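Structure file my_file.cif (mmCIF, C-alpha atoms) follows.
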```cif
data_protein
#
loop_
_atom_site.label_atom_id
_atom_site.label_comp_id
_atom_site.auth_asym_id
_atom_site.auth_seq_id
_atom_site.Cartn_x
_atom_site.Cartn_y
_atom_site.Cartn_z
CA MET A 77 -19.53 37.12 -14.28
CA TYR A 78 -19.25 33.55 -15.42
CA ASN A 79 -16.81 31.90 -13.08
CA LYS A 80 -16.96 28.16 -12.68
CA ILE A 81 -14.57 25.60 -11.24
CA ASN A 82 -13.81 22.44 -13.17
CA ILE A 83 -13.53 19.50 -10.84
CA LYS A 84 -11.70 16.33 -11.83
CA ALA A 85 -12.16 13.29 -9.63
CA PHE A 86 -10.26 10.00 -9.38
CA GLY A 87 -10.81 6.53 -7.89
CA MET A 88 -13.31 6.32 -5.05
CA ILE A 89 -13.95 10.08 -5.19
CA ALA A 90 -15.23 9.81 -8.77
CA GLU A 91 -17.55 7.00 -7.59
CA LYS A 92 -18.96 9.17 -4.83
CA LEU A 93 -19.41 12.14 -7.19
CA GLY A 94 -20.93 9.88 -9.83
CA ASN A 95 -18.57 11.29 -12.45
CA THR A 96 -14.90 11.90 -13.25
CA ALA A 97 -15.59 15.56 -14.16
CA LEU A 98 -17.96 18.10 -12.66
CA GLU A 99 -18.63 21.81 -13.06
CA TRP A 100 -19.01 23.72 -9.79
CA ASP A 101 -19.92 27.28 -8.83
CA ALA A 102 -16.98 29.48 -7.91
CA CYS A 103 -15.78 29.23 -4.34
CA GLU A 104 -13.49 31.40 -2.19
CA ASP A 105 -10.92 28.80 -1.21
CA THR A 106 -10.26 25.06 -0.97
CA ASP A 107 -11.62 24.73 2.59
CA GLY A 108 -14.88 26.28 1.40
CA LEU A 109 -14.96 23.95 -1.59
CA ARG A 110 -14.40 20.90 0.64
CA LYS A 111 -17.36 21.97 2.80
CA GLU A 112 -19.67 22.51 -0.17
CA LEU A 113 -18.70 19.19 -1.72
CA GLU A 114 -19.18 17.35 1.57
CA ALA A 115 -22.62 18.94 2.00
CA ARG A 116 -23.72 17.57 -1.37
CA PHE A 117 -21.77 14.27 -1.17
CA PRO A 118 -21.72 13.37 2.55
CA ASP A 119 -19.59 10.23 1.93
CA LEU A 120 -16.63 12.52 1.21
CA LYS A 121 -16.48 13.53 4.89
CA GLU A 122 -15.16 10.08 5.71
CA MET A 123 -12.49 10.11 3.00
CA LYS A 124 -8.95 11.38 2.82
CA TYR A 125 -7.92 13.00 -0.42
CA SER A 126 -5.38 15.54 -1.61
CA ILE A 127 -6.24 18.54 -3.79
CA ALA A 128 -4.42 19.96 -6.79
CA ILE A 129 -5.19 23.33 -8.34
CA ASN A 130 -4.22 23.66 -11.98
CA LYS A 131 -2.10 20.49 -11.68
CA THR A 132 -0.16 21.60 -8.59
CA LEU A 133 -0.73 19.85 -5.25
CA ILE A 134 -1.68 22.29 -2.52
CA VAL A 135 -0.74 22.31 1.16
CA GLY A 136 -3.30 23.72 3.62
CA ASN A 137 -6.07 26.10 2.57
CA VAL A 138 -5.53 27.91 -0.72
CA ARG A 139 -7.49 30.64 -2.53
CA LEU A 140 -9.11 29.40 -5.73
CA PRO A 141 -8.18 31.36 -8.85
CA GLU A 142 -10.84 32.06 -11.48
CA GLN A 143 -11.83 29.08 -13.61
CA ALA A 144 -9.54 26.85 -11.63
CA GLU A 145 -9.18 23.20 -12.48
CA VAL A 146 -9.41 21.36 -9.15
CA ALA A 147 -8.37 17.71 -8.95
CA LEU A 148 -9.51 15.53 -6.03
CA LEU A 149 -6.86 12.85 -5.55
CA PRO A 150 -7.41 9.85 -3.28
CA PRO A 151 -4.63 7.41 -2.40
CA PHE A 152 -4.79 3.91 -3.93
CA SER A 153 -3.39 0.94 -2.05
CA GLY A 154 -3.71 -1.96 -4.48
CA GLY A 155 -0.80 -3.77 -6.02
CA MET B 287 25.31 -11.34 -30.46
CA ASP B 288 24.68 -9.75 -27.10
CA ARG B 289 21.42 -10.31 -25.16
CA PHE B 290 21.20 -6.56 -24.65
CA GLU B 291 22.19 -5.49 -28.16
CA ARG B 292 18.87 -3.78 -28.90
CA GLN B 293 19.11 -1.44 -25.94
CA ILE B 294 22.86 -0.84 -26.26
CA LEU B 295 22.04 0.42 -29.78
CA LEU B 296 19.74 3.07 -28.31
CA PRO B 297 20.93 6.67 -28.56
CA GLY B 298 21.78 7.88 -25.06
CA PHE B 299 21.80 4.38 -23.55
CA GLY B 300 24.74 2.50 -25.02
CA LYS B 301 27.23 0.19 -23.31
CA GLU B 302 27.47 2.62 -20.44
CA GLY B 303 23.75 2.44 -19.70
CA GLN B 304 23.85 -1.33 -19.84
CA GLU B 305 26.77 -1.49 -17.43
CA LYS B 306 24.91 0.73 -14.98
CA LEU B 307 22.00 -1.74 -15.04
CA SER B 308 24.19 -4.80 -14.59
CA ARG B 309 26.02 -3.19 -11.65
CA SER B 310 22.79 -2.16 -9.92
CA SER B 311 20.63 -3.87 -7.32
CA VAL B 312 16.88 -3.42 -6.97
CA LEU B 313 14.57 -4.45 -4.13
CA LEU B 314 11.03 -5.29 -5.21
CA ILE B 315 8.48 -5.23 -2.41
CA GLY B 316 5.42 -7.27 -3.37
CA ALA B 317 5.44 -10.04 -5.99
CA GLY B 318 1.81 -9.55 -7.00
CA GLY B 319 0.01 -7.73 -9.81
CA LEU B 320 2.57 -4.93 -10.03
CA GLY B 321 5.52 -7.08 -8.97
CA CYS B 322 5.14 -9.65 -11.78
CA PRO B 323 5.57 -7.31 -14.78
CA ILE B 324 8.21 -5.26 -12.94
CA LEU B 325 10.25 -8.39 -12.24
CA LEU B 326 9.88 -9.76 -15.78
CA TYR B 327 11.04 -6.52 -17.43
CA LEU B 328 13.81 -5.59 -15.00
CA ALA B 329 15.26 -9.10 -15.20
CA ALA B 330 15.07 -9.03 -19.01
CA ALA B 331 16.70 -5.58 -19.09
CA GLY B 332 19.77 -6.91 -17.29
CA ILE B 333 19.58 -5.57 -13.73
CA GLY B 334 22.42 -7.30 -11.85
CA LYS B 335 20.71 -8.21 -8.59
CA ILE B 336 17.03 -8.29 -7.65
CA GLY B 337 15.63 -8.86 -4.16
CA LEU B 338 12.04 -10.08 -3.87
CA VAL B 339 9.98 -9.54 -0.71
CA ASP B 340 6.55 -11.17 -0.29
CA GLY B 341 5.18 -13.46 2.42
CA ASP B 342 2.15 -14.53 0.40
CA VAL B 343 1.30 -17.75 -1.46
CA VAL B 344 -0.30 -18.04 -4.90
CA SER B 345 -4.09 -18.25 -4.83
CA VAL B 346 -6.47 -18.82 -7.73
CA SER B 347 -7.88 -15.26 -7.64
CA ASN B 348 -4.34 -13.89 -8.30
CA LEU B 349 -4.17 -15.48 -11.74
CA ASN B 350 -6.07 -12.82 -13.75
CA ARG B 351 -3.18 -10.39 -13.30
CA GLN B 352 -0.17 -11.98 -11.59
CA VAL B 353 1.19 -13.28 -14.87
CA ILE B 354 4.22 -15.20 -13.62
CA TYR B 355 2.04 -17.73 -11.78
CA GLY B 356 -0.15 -20.50 -13.16
CA GLU B 357 -2.56 -23.14 -11.92
CA LYS B 358 0.28 -25.51 -11.05
CA ASP B 359 1.66 -22.95 -8.56
CA LEU B 360 -1.43 -22.66 -6.32
CA GLY B 361 -0.46 -22.70 -2.65
CA ARG B 362 3.24 -22.19 -3.33
CA LYS B 363 5.23 -19.22 -2.04
CA LYS B 364 5.20 -16.39 -4.57
CA VAL B 365 8.86 -15.45 -4.17
CA GLU B 366 9.91 -19.07 -4.66
CA VAL B 367 7.90 -19.50 -7.87
CA ALA B 368 8.88 -16.08 -9.24
CA ALA B 369 12.59 -16.51 -8.46
CA GLY B 370 12.59 -19.99 -10.01
CA HIS B 371 10.88 -18.72 -13.16
CA ILE B 372 13.34 -15.86 -13.65
CA GLN B 373 16.40 -17.91 -12.72
CA GLY B 374 15.37 -20.45 -15.36
CA LYS B 375 15.45 -17.71 -18.00
CA TYR B 376 18.65 -15.86 -17.06
CA ARG B 377 21.28 -17.77 -15.12
CA ASP B 378 23.57 -14.75 -14.61
CA LEU B 379 20.94 -12.80 -12.65
CA SER B 380 21.28 -12.89 -8.90
CA ILE B 381 17.95 -13.15 -7.04
CA ASP B 382 17.51 -12.83 -3.27
CA GLN B 383 14.34 -14.31 -1.83
CA PHE B 384 12.59 -12.91 1.22
CA ALA B 385 9.50 -15.04 1.82
CA GLU B 386 8.20 -12.69 4.50
CA PHE B 387 6.31 -9.43 4.78
CA ILE B 388 8.25 -6.25 5.34
CA THR B 389 8.04 -4.97 8.94
CA PRO B 390 9.63 -2.12 10.90
CA GLN B 391 11.96 -4.75 12.38
CA ASN B 392 13.32 -6.21 9.11
CA ALA B 393 12.90 -3.24 6.71
CA LEU B 394 16.11 -1.29 7.35
CA LYS B 395 18.28 -4.39 7.16
CA ILE B 396 16.71 -5.65 3.92
CA ILE B 397 16.45 -2.27 2.16
CA GLY B 398 19.97 -1.23 3.17
CA ASP B 399 21.53 -3.74 0.76
CA TYR B 400 19.98 -2.31 -2.44
CA ASP B 401 20.46 0.77 -4.62
CA LEU B 402 16.79 1.30 -5.41
CA VAL B 403 13.46 0.17 -3.95
CA ILE B 404 10.21 -0.49 -5.81
CA ASP B 405 6.93 -0.57 -3.87
CA GLY B 406 4.37 -2.89 -5.43
CA SER B 407 2.71 -3.79 -2.13
CA ASP B 408 -1.04 -3.85 -1.56
CA ASN B 409 -1.79 -2.01 1.69
CA PHE B 410 -1.31 1.42 3.22
CA ALA B 411 0.64 0.27 6.28
CA THR B 412 3.36 -1.16 4.01
CA ARG B 413 3.36 1.90 1.76
CA TYR B 414 4.00 4.32 4.66
CA LEU B 415 6.52 1.92 6.18
CA VAL B 416 8.53 1.50 2.96
CA ASN B 417 8.42 5.25 2.31
CA ASP B 418 9.73 6.12 5.77
CA ALA B 419 12.46 3.48 5.60
CA CYS B 420 13.65 4.81 2.22
CA VAL B 421 13.72 8.38 3.56
CA LEU B 422 15.76 7.29 6.59
CA LEU B 423 18.20 5.33 4.41
CA GLY B 424 18.33 7.83 1.53
CA LYS B 425 17.16 5.28 -1.07
CA PRO B 426 15.24 6.24 -4.19
CA LEU B 427 11.75 4.70 -4.23
CA VAL B 428 9.62 3.92 -7.28
CA PHE B 429 6.00 3.98 -6.16
CA GLY B 430 2.91 2.62 -7.89
CA ALA B 431 -0.60 1.71 -6.74
CA ILE B 432 -3.82 0.61 -8.40
CA TYR B 433 -7.56 0.81 -7.84
CA GLN B 434 -10.06 -0.99 -10.11
CA TYR B 435 -9.31 0.65 -13.51
CA GLU B 436 -6.90 3.38 -12.34
CA GLY B 437 -3.33 3.67 -11.22
CA GLN B 438 -0.90 6.20 -9.75
CA VAL B 439 2.89 6.29 -10.21
CA SER B 440 5.67 8.45 -8.82
CA VAL B 441 9.34 8.39 -7.82
CA PHE B 442 10.13 9.51 -4.28
CA ASN B 443 13.35 10.42 -2.60
CA HIS B 444 15.15 10.52 -5.92
CA ARG B 445 17.74 13.01 -4.77
CA GLU B 446 18.26 15.06 -1.65
CA ASN B 447 15.24 17.30 -0.90
CA SER B 448 12.99 15.23 -3.17
CA VAL B 449 9.37 14.78 -2.15
CA ASN B 450 8.04 11.53 -0.71
CA TYR B 451 4.75 9.68 -0.16
CA ARG B 452 3.89 11.73 2.93
CA ASP B 453 4.03 14.96 0.91
CA LEU B 454 1.49 13.47 -1.50
CA PHE B 455 -0.79 11.82 1.08
CA PRO B 456 -0.06 13.21 4.57
CA GLU B 457 -2.69 11.18 6.40
CA PRO B 458 -3.29 7.43 6.11
CA PRO B 459 -6.91 6.55 5.29
CA ALA B 460 -9.03 4.88 7.95
CA LEU B 461 -9.71 1.14 7.92
CA GLY B 462 -12.17 0.25 5.16
CA GLU B 463 -12.08 3.74 3.61
CA VAL B 464 -10.26 2.51 0.50
CA PRO B 465 -11.14 -1.07 -0.31
CA ASN B 466 -8.37 -3.30 -1.71
CA CYS B 467 -8.41 -5.43 -4.89
CA ALA B 468 -9.87 -8.35 -2.94
CA GLU B 469 -12.95 -6.30 -2.09
CA THR B 470 -13.55 -4.23 -5.24
CA GLY B 471 -11.85 -6.06 -8.07
CA VAL B 472 -9.16 -4.95 -10.49
CA LEU B 473 -8.84 -5.13 -14.28
CA GLY B 474 -6.14 -7.74 -14.92
CA VAL B 475 -4.18 -5.73 -17.47
CA LEU B 476 -4.06 -2.56 -15.31
CA PRO B 477 -1.14 -3.64 -13.07
CA GLY B 478 0.63 -4.58 -16.32
CA THR B 479 0.36 -0.98 -17.52
CA ILE B 480 1.27 0.56 -14.17
CA GLY B 481 3.97 -2.02 -13.41
CA THR B 482 5.75 -1.42 -16.72
CA LEU B 483 5.60 2.36 -16.12
CA MET B 484 7.28 1.68 -12.76
CA ALA B 485 9.93 -0.57 -14.35
CA ALA B 486 10.68 2.19 -16.87
CA GLU B 487 11.13 4.71 -14.03
CA ALA B 488 13.50 2.31 -12.26
CA ILE B 489 15.61 1.99 -15.41
CA LYS B 490 15.64 5.79 -15.81
CA VAL B 491 16.75 6.35 -12.21
CA ILE B 492 19.56 3.79 -12.55
CA SER B 493 20.78 4.80 -16.01
CA GLY B 494 20.27 8.55 -15.57
CA LEU B 495 18.24 8.64 -18.79
CA GLY B 496 15.29 10.95 -19.43
CA LYS B 497 13.23 12.93 -16.97
CA VAL B 498 12.39 10.88 -13.88
CA LEU B 499 8.81 11.11 -12.51
CA SER B 500 10.12 12.77 -9.37
CA GLY B 501 8.29 15.70 -7.78
CA ARG B 502 5.18 14.72 -9.73
CA VAL B 503 2.59 11.98 -9.63
CA LEU B 504 0.97 10.44 -12.69
CA PHE B 505 -2.64 9.20 -12.58
CA PHE B 506 -3.70 6.81 -15.34
CA ASN B 507 -7.23 5.70 -16.16
CA SER B 508 -7.42 2.58 -18.33
CA LEU B 509 -11.11 3.16 -19.21
CA SER B 510 -10.57 6.61 -20.70
CA ALA B 511 -6.93 5.91 -21.69
CA GLN B 512 -6.14 9.31 -20.18
CA SER B 513 -3.36 10.33 -17.87
CA PHE B 514 -3.19 13.29 -15.49
CA GLU B 515 -0.05 14.68 -13.93
CA VAL B 516 0.25 16.76 -10.76
CA SER B 517 3.37 18.40 -9.35
CA ILE B 518 4.12 17.83 -5.65
CA SER B 519 5.98 20.07 -3.23
CA PRO B 520 7.24 19.32 0.29
CA ASN B 521 4.66 19.40 3.10
CA PRO B 522 6.46 20.37 6.34
CA ASP B 523 3.53 19.35 8.61
CA ALA B 524 3.31 15.91 7.02
CA ARG B 525 7.03 15.37 7.48
CA LYS B 526 6.73 16.02 11.22
CA GLN B 527 4.71 12.77 11.41
CA MET B 528 7.66 10.75 10.09
CA PRO B 529 9.96 8.84 12.43
CA ALA B 530 13.05 10.99 12.98
CA SER B 531 15.45 8.13 13.71
CA LYS B 532 15.94 4.43 13.01
CA GLU B 533 15.00 3.61 16.62
CA GLU B 534 11.75 5.57 16.32
CA PHE B 535 11.01 3.83 13.02
CA GLU B 536 11.54 0.35 14.46
CA ASN B 537 9.12 1.10 17.29
CA LEU B 538 6.36 2.53 15.12
CA ASP B 539 3.26 0.36 14.68
CA TYR B 540 2.28 1.05 11.05
CA GLU B 541 -0.72 -1.25 11.11
CA PHE B 542 -2.13 0.61 14.08
CA MET B 543 -1.30 3.97 12.50
CA CYS B 544 -3.06 3.11 9.23
CA GLU B 545 -5.95 1.01 10.42
CA GLY B 546 -6.33 1.90 14.07
CA VAL B 547 -5.96 -1.80 14.80
CA ARG B 548 -3.10 -3.60 16.51
CA GLU B 549 -2.30 -7.05 15.20
CA LYS B 550 -0.65 -10.13 16.63
CA ASP B 551 0.30 -13.48 15.08
CA TRP B 552 -0.96 -16.73 16.61
CA GLU B 553 2.61 -17.58 17.56
CA GLN B 554 2.93 -14.33 19.54
CA ALA B 555 -0.53 -14.68 21.05
CA LEU B 556 -0.10 -18.31 22.17
CA SER B 557 3.34 -17.72 23.63
CA GLN B 558 2.08 -14.74 25.63
CA LEU B 559 -1.06 -16.38 27.08
CA SER B 560 -1.47 -15.29 30.67
CA GLU B 561 -3.99 -14.23 33.28
CA GLU B 562 -3.86 -10.71 31.91
CA ALA B 563 -5.07 -11.46 28.40
CA VAL B 564 -8.22 -13.00 27.02
CA LEU B 565 -8.75 -14.69 23.62
CA VAL B 566 -12.06 -13.75 22.00
CA ASP B 567 -13.85 -15.52 19.12
CA VAL B 568 -15.84 -12.83 17.25
CA ARG B 569 -17.37 -15.21 14.70
CA GLU B 570 -21.09 -15.88 14.69
CA GLU B 571 -22.64 -18.93 16.34
CA GLY B 572 -22.13 -22.10 14.29
CA GLU B 573 -18.93 -21.17 12.45
CA PHE B 574 -16.20 -23.81 12.18
CA PRO B 575 -13.52 -24.88 12.94
CA LEU B 576 -13.76 -24.17 16.66
CA LEU B 577 -10.67 -23.20 18.62
CA GLU B 578 -9.80 -26.17 20.79
CA ASP B 579 -7.39 -26.59 23.72
CA PHE B 580 -7.15 -22.85 24.43
CA SER B 581 -9.60 -21.16 26.75
CA HIS B 582 -11.44 -18.29 25.11
CA VAL B 583 -14.72 -16.40 25.25
CA LYS B 584 -17.24 -15.76 22.47
CA LEU B 585 -18.48 -12.33 21.46
CA PRO B 586 -19.90 -12.36 17.89
CA LEU B 587 -19.28 -9.22 15.82
CA SER B 588 -23.08 -8.79 15.50
CA GLU B 589 -23.29 -8.44 19.30
CA ILE B 590 -20.09 -6.49 19.81
CA GLN B 591 -22.01 -3.60 21.43
CA LYS B 592 -22.54 -5.83 24.50
CA GLY B 593 -18.81 -5.49 25.16
CA LEU B 594 -16.63 -7.88 27.13
CA GLY B 595 -17.19 -6.28 30.52
CA LEU B 596 -13.61 -7.11 31.45
CA SER B 597 -12.14 -3.64 31.93
CA GLY B 598 -10.01 -3.64 35.05
CA ARG B 599 -9.79 -7.44 35.21
CA LYS B 600 -7.77 -8.02 32.02
CA LYS B 601 -5.17 -5.87 30.31
CA GLU B 602 -5.40 -7.23 26.77
CA ALA B 603 -7.98 -8.85 24.51
CA TRP B 604 -6.95 -10.81 21.40
CA LEU B 605 -9.77 -11.06 18.88
CA PHE B 606 -9.91 -13.70 16.17
CA CYS B 607 -12.37 -14.61 13.41
CA GLN B 608 -12.14 -16.83 10.32
CA SER B 609 -9.54 -14.93 8.24
CA GLY B 610 -8.57 -11.84 10.25
CA VAL B 611 -10.82 -9.29 8.53
CA ARG B 612 -13.89 -9.21 10.81
CA SER B 613 -11.66 -9.29 13.90
CA LYS B 614 -10.08 -5.99 12.76
CA LYS B 615 -13.51 -4.37 12.55
CA ALA B 616 -14.44 -5.89 15.91
CA ALA B 617 -11.19 -4.61 17.45
CA LEU B 618 -11.91 -1.09 16.22
CA LEU B 619 -15.46 -1.15 17.65
CA LEU B 620 -14.47 -2.80 20.91
CA GLN B 621 -11.59 -0.39 21.50
CA GLY B 622 -14.16 2.41 21.62
CA LEU B 623 -16.26 0.51 24.17
CA GLU B 624 -13.40 -0.66 26.37
CA PRO B 625 -10.73 2.05 26.27
CA THR B 626 -8.70 0.63 29.16
CA LEU B 627 -8.18 -2.73 27.41
CA LYS B 628 -5.42 -3.04 24.81
CA ILE B 629 -7.15 -4.80 21.94
CA TYR B 630 -5.46 -6.85 19.20
CA SER B 631 -6.73 -8.63 16.11
CA VAL B 632 -5.10 -12.01 15.46
CA ARG B 633 -3.59 -11.94 11.97
CA GLY B 634 -5.05 -14.42 9.48
CA GLY B 635 -7.80 -15.67 11.81
CA ILE B 636 -8.47 -19.33 12.64
CA LEU B 637 -7.38 -20.29 9.09
CA ALA B 638 -3.85 -19.20 10.02
CA PHE B 639 -3.81 -21.21 13.26
CA PRO B 640 -0.45 -23.02 13.27
CA SER B 641 -0.95 -26.71 12.47
CA SER B 642 1.81 -27.65 14.95
CA LYS B 643 -0.42 -26.49 17.80
CA LYS B 644 -3.37 -28.66 16.72
CA GLU B 645 -3.23 -31.82 18.77
#
```
Would you give me this structure, written as structure tokens?
Amino acid sequence: MYNKINIKAFGMIAEKLGNTALEWDACEDTDGLRKELEARFPDLKEMKYSIAINKTLIVGNVRLPEQAEVALLPPFSGG
Amino acid sequence: MDRFERQILLPGFGKEGQEKLSRSSVLLIGAGGLGCPILLYLAAAGIGKIGLVDGDVVSVSNLNRQVIYGEKDLGRKKVEVAAGHIQGKYRDLSIDQFAEFITPQNALKIIGDYDLVIDGSDNFATRYLVNDACVLLGKPLVFGAIYQYEGQVSVFNHRENSVNYRDLFPEPPALGEVPNCAETGVLGVLPGTIGTLMAAEAIKVISGLGKVLSGRVLFFNSLSAQSFEVSISPNPDARKQMPASKEEFENLDYEFMCEGVREKDWEQALSQLSEEAVLVDVREEGEFPLLEDFSHVKLPLSEIQKGLGLSGRKKEAWLFCQSGVRSKKAALLLQGLEPTLKIYSVRGGILAFPSSKKE
């Protein structure tokens, strides 16, 4: 089964990931994905960001559908 | 010929749309990178009354993006220059100037007088504060923020049950987690793009035209010229963190909530000097000017781990540095070492020391 997640990253998160887009192995849910990402990019542990699955912001831990597009959205403060 | 002929001609806008704009009042918080284009376009479009809130003065590093100001304005109050510029163009526009920063103490009074609020501020404490005030007062809020080459825009609190900033970002970032423009830079044209998107949303909310960016947030990247939209739904846990009443709001310390650091102005600090508080210079040896006439101790940031050793003998410590940035870091570190002391950072550092107190 070919099941990958497409990650889109913004702002500081993209800097930490080294890219604005990333392909990732399938993952059970968003908590699991956070853990895997933080293991590979430890700087993420210190950062607050919201998550959207297929362009909808999630609240809490959510199961990841197949071939989900996951966006990692940090807040910006500048004006 | 009418000044607004070209938009009155627009299908769906017409005389009625124009009258809605001229009868409306808008409060613009922040007269910086976002505030400048927003002000220019809303004034040109014929908004009846605009309030401008910003306590800052024009500095040379603002000029790559804050397009209302020029070299001749350096050191002058932003709201004064901006209001003068706009008033010189359109005499019938009414502009209220608030040359101060928005605080829990002045926010409800200022915001209460306007139909719509636009947040073009530059720090998280203000963004949470303005959001909460708009929720309490039931005011629609056009939100926009920028980072280097990217921006985000949304409209909160548009109608009853609309989402707000806390649904999008429930938890404020820690101090230093997201650097501001001063630390990481910003492409000058970016706030122009994001600011004009915000001005368009304001006009849509007021005129009832189009589909307002409510319940969704738009991310824009100027390097890829791509945008990305996400829909937002209410987050009940995040909303529990919001002040439930005006009294609770006025007593909330947003700077402490967002940065973990309490702040005091020199005026407050000097008027409250007593046996129970100690002033601490956290600059390194050999930095000038020195603080004269007020007793203080020295504990450089590089040696902060030594601590003050004053727990039990003093109740408060007020830390200052050159500009108020290092003293925030020092306050955060020292608070961990001396949990029984209430630690403050003095806003603006020695550079903000009131000249009237210098003898």
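Counting from atom CA of Val583 of chain B, the distance to atom CA of Glu541 of chain B is 25.0 Å.
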Which residues would end up in the selection if the PyMOL selection byres ((chain B and resi 567-580) around 12) were applied here, given that I need the answer as a PyMOL selection string? chain B and resi 552+555-557+559-560+564-566+581-591+593-594+603-617+619-620+631-632+635-640+643-645
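Here atom CA of Glu549 of chain B and atom CA of Thr626 of chain B stand 17.2 Å from one another.
Taken over the shown file, the PyMOL selection byres ((chain B) within 6 of (chain A)) identifies B:Gly319, B:Leu320, B:Gly406, B:Ser407, B:Asp408, B:Asn409, B:Phe410, B:Ala431, B:Ile432, B:Tyr433, B:Pro459, B:Asn466, B:Cys467, B:Val516, B:Ser517, B:Ile518.
Rounded to one decimal, atom CA of Phe505 of chain B and atom CA of Val475 of chain B lie 15.8 Å from each other.
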For the structure provided, state which residues fall under the PyMOL selection byres ((chain B and resi 365-376) around 9), and present them as a PyMOL selection string. chain B and resi 316-317+322+325-326+329-330+338-344+354-355+359+362-364+377-385
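Of the listed residues B:Val491, B:Leu504, B:Val472, B:Val428, the one whose atoms come nearest to Val441 of chain B is B:Val428, with distances taken using only C-alpha atoms.
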Around all the atoms of segment 308-317 of chain B listed in the file, draw an axis-aligned box and extend it by 6 Å on each of the six sides; I want its centre and edge lengths in Å to one decimal, as JSON.
```
{"center_x": 15.7, "center_y": -6.1, "center_z": -8.5, "size_x": 32.6, "size_y": 19.9, "size_z": 24.2}
```
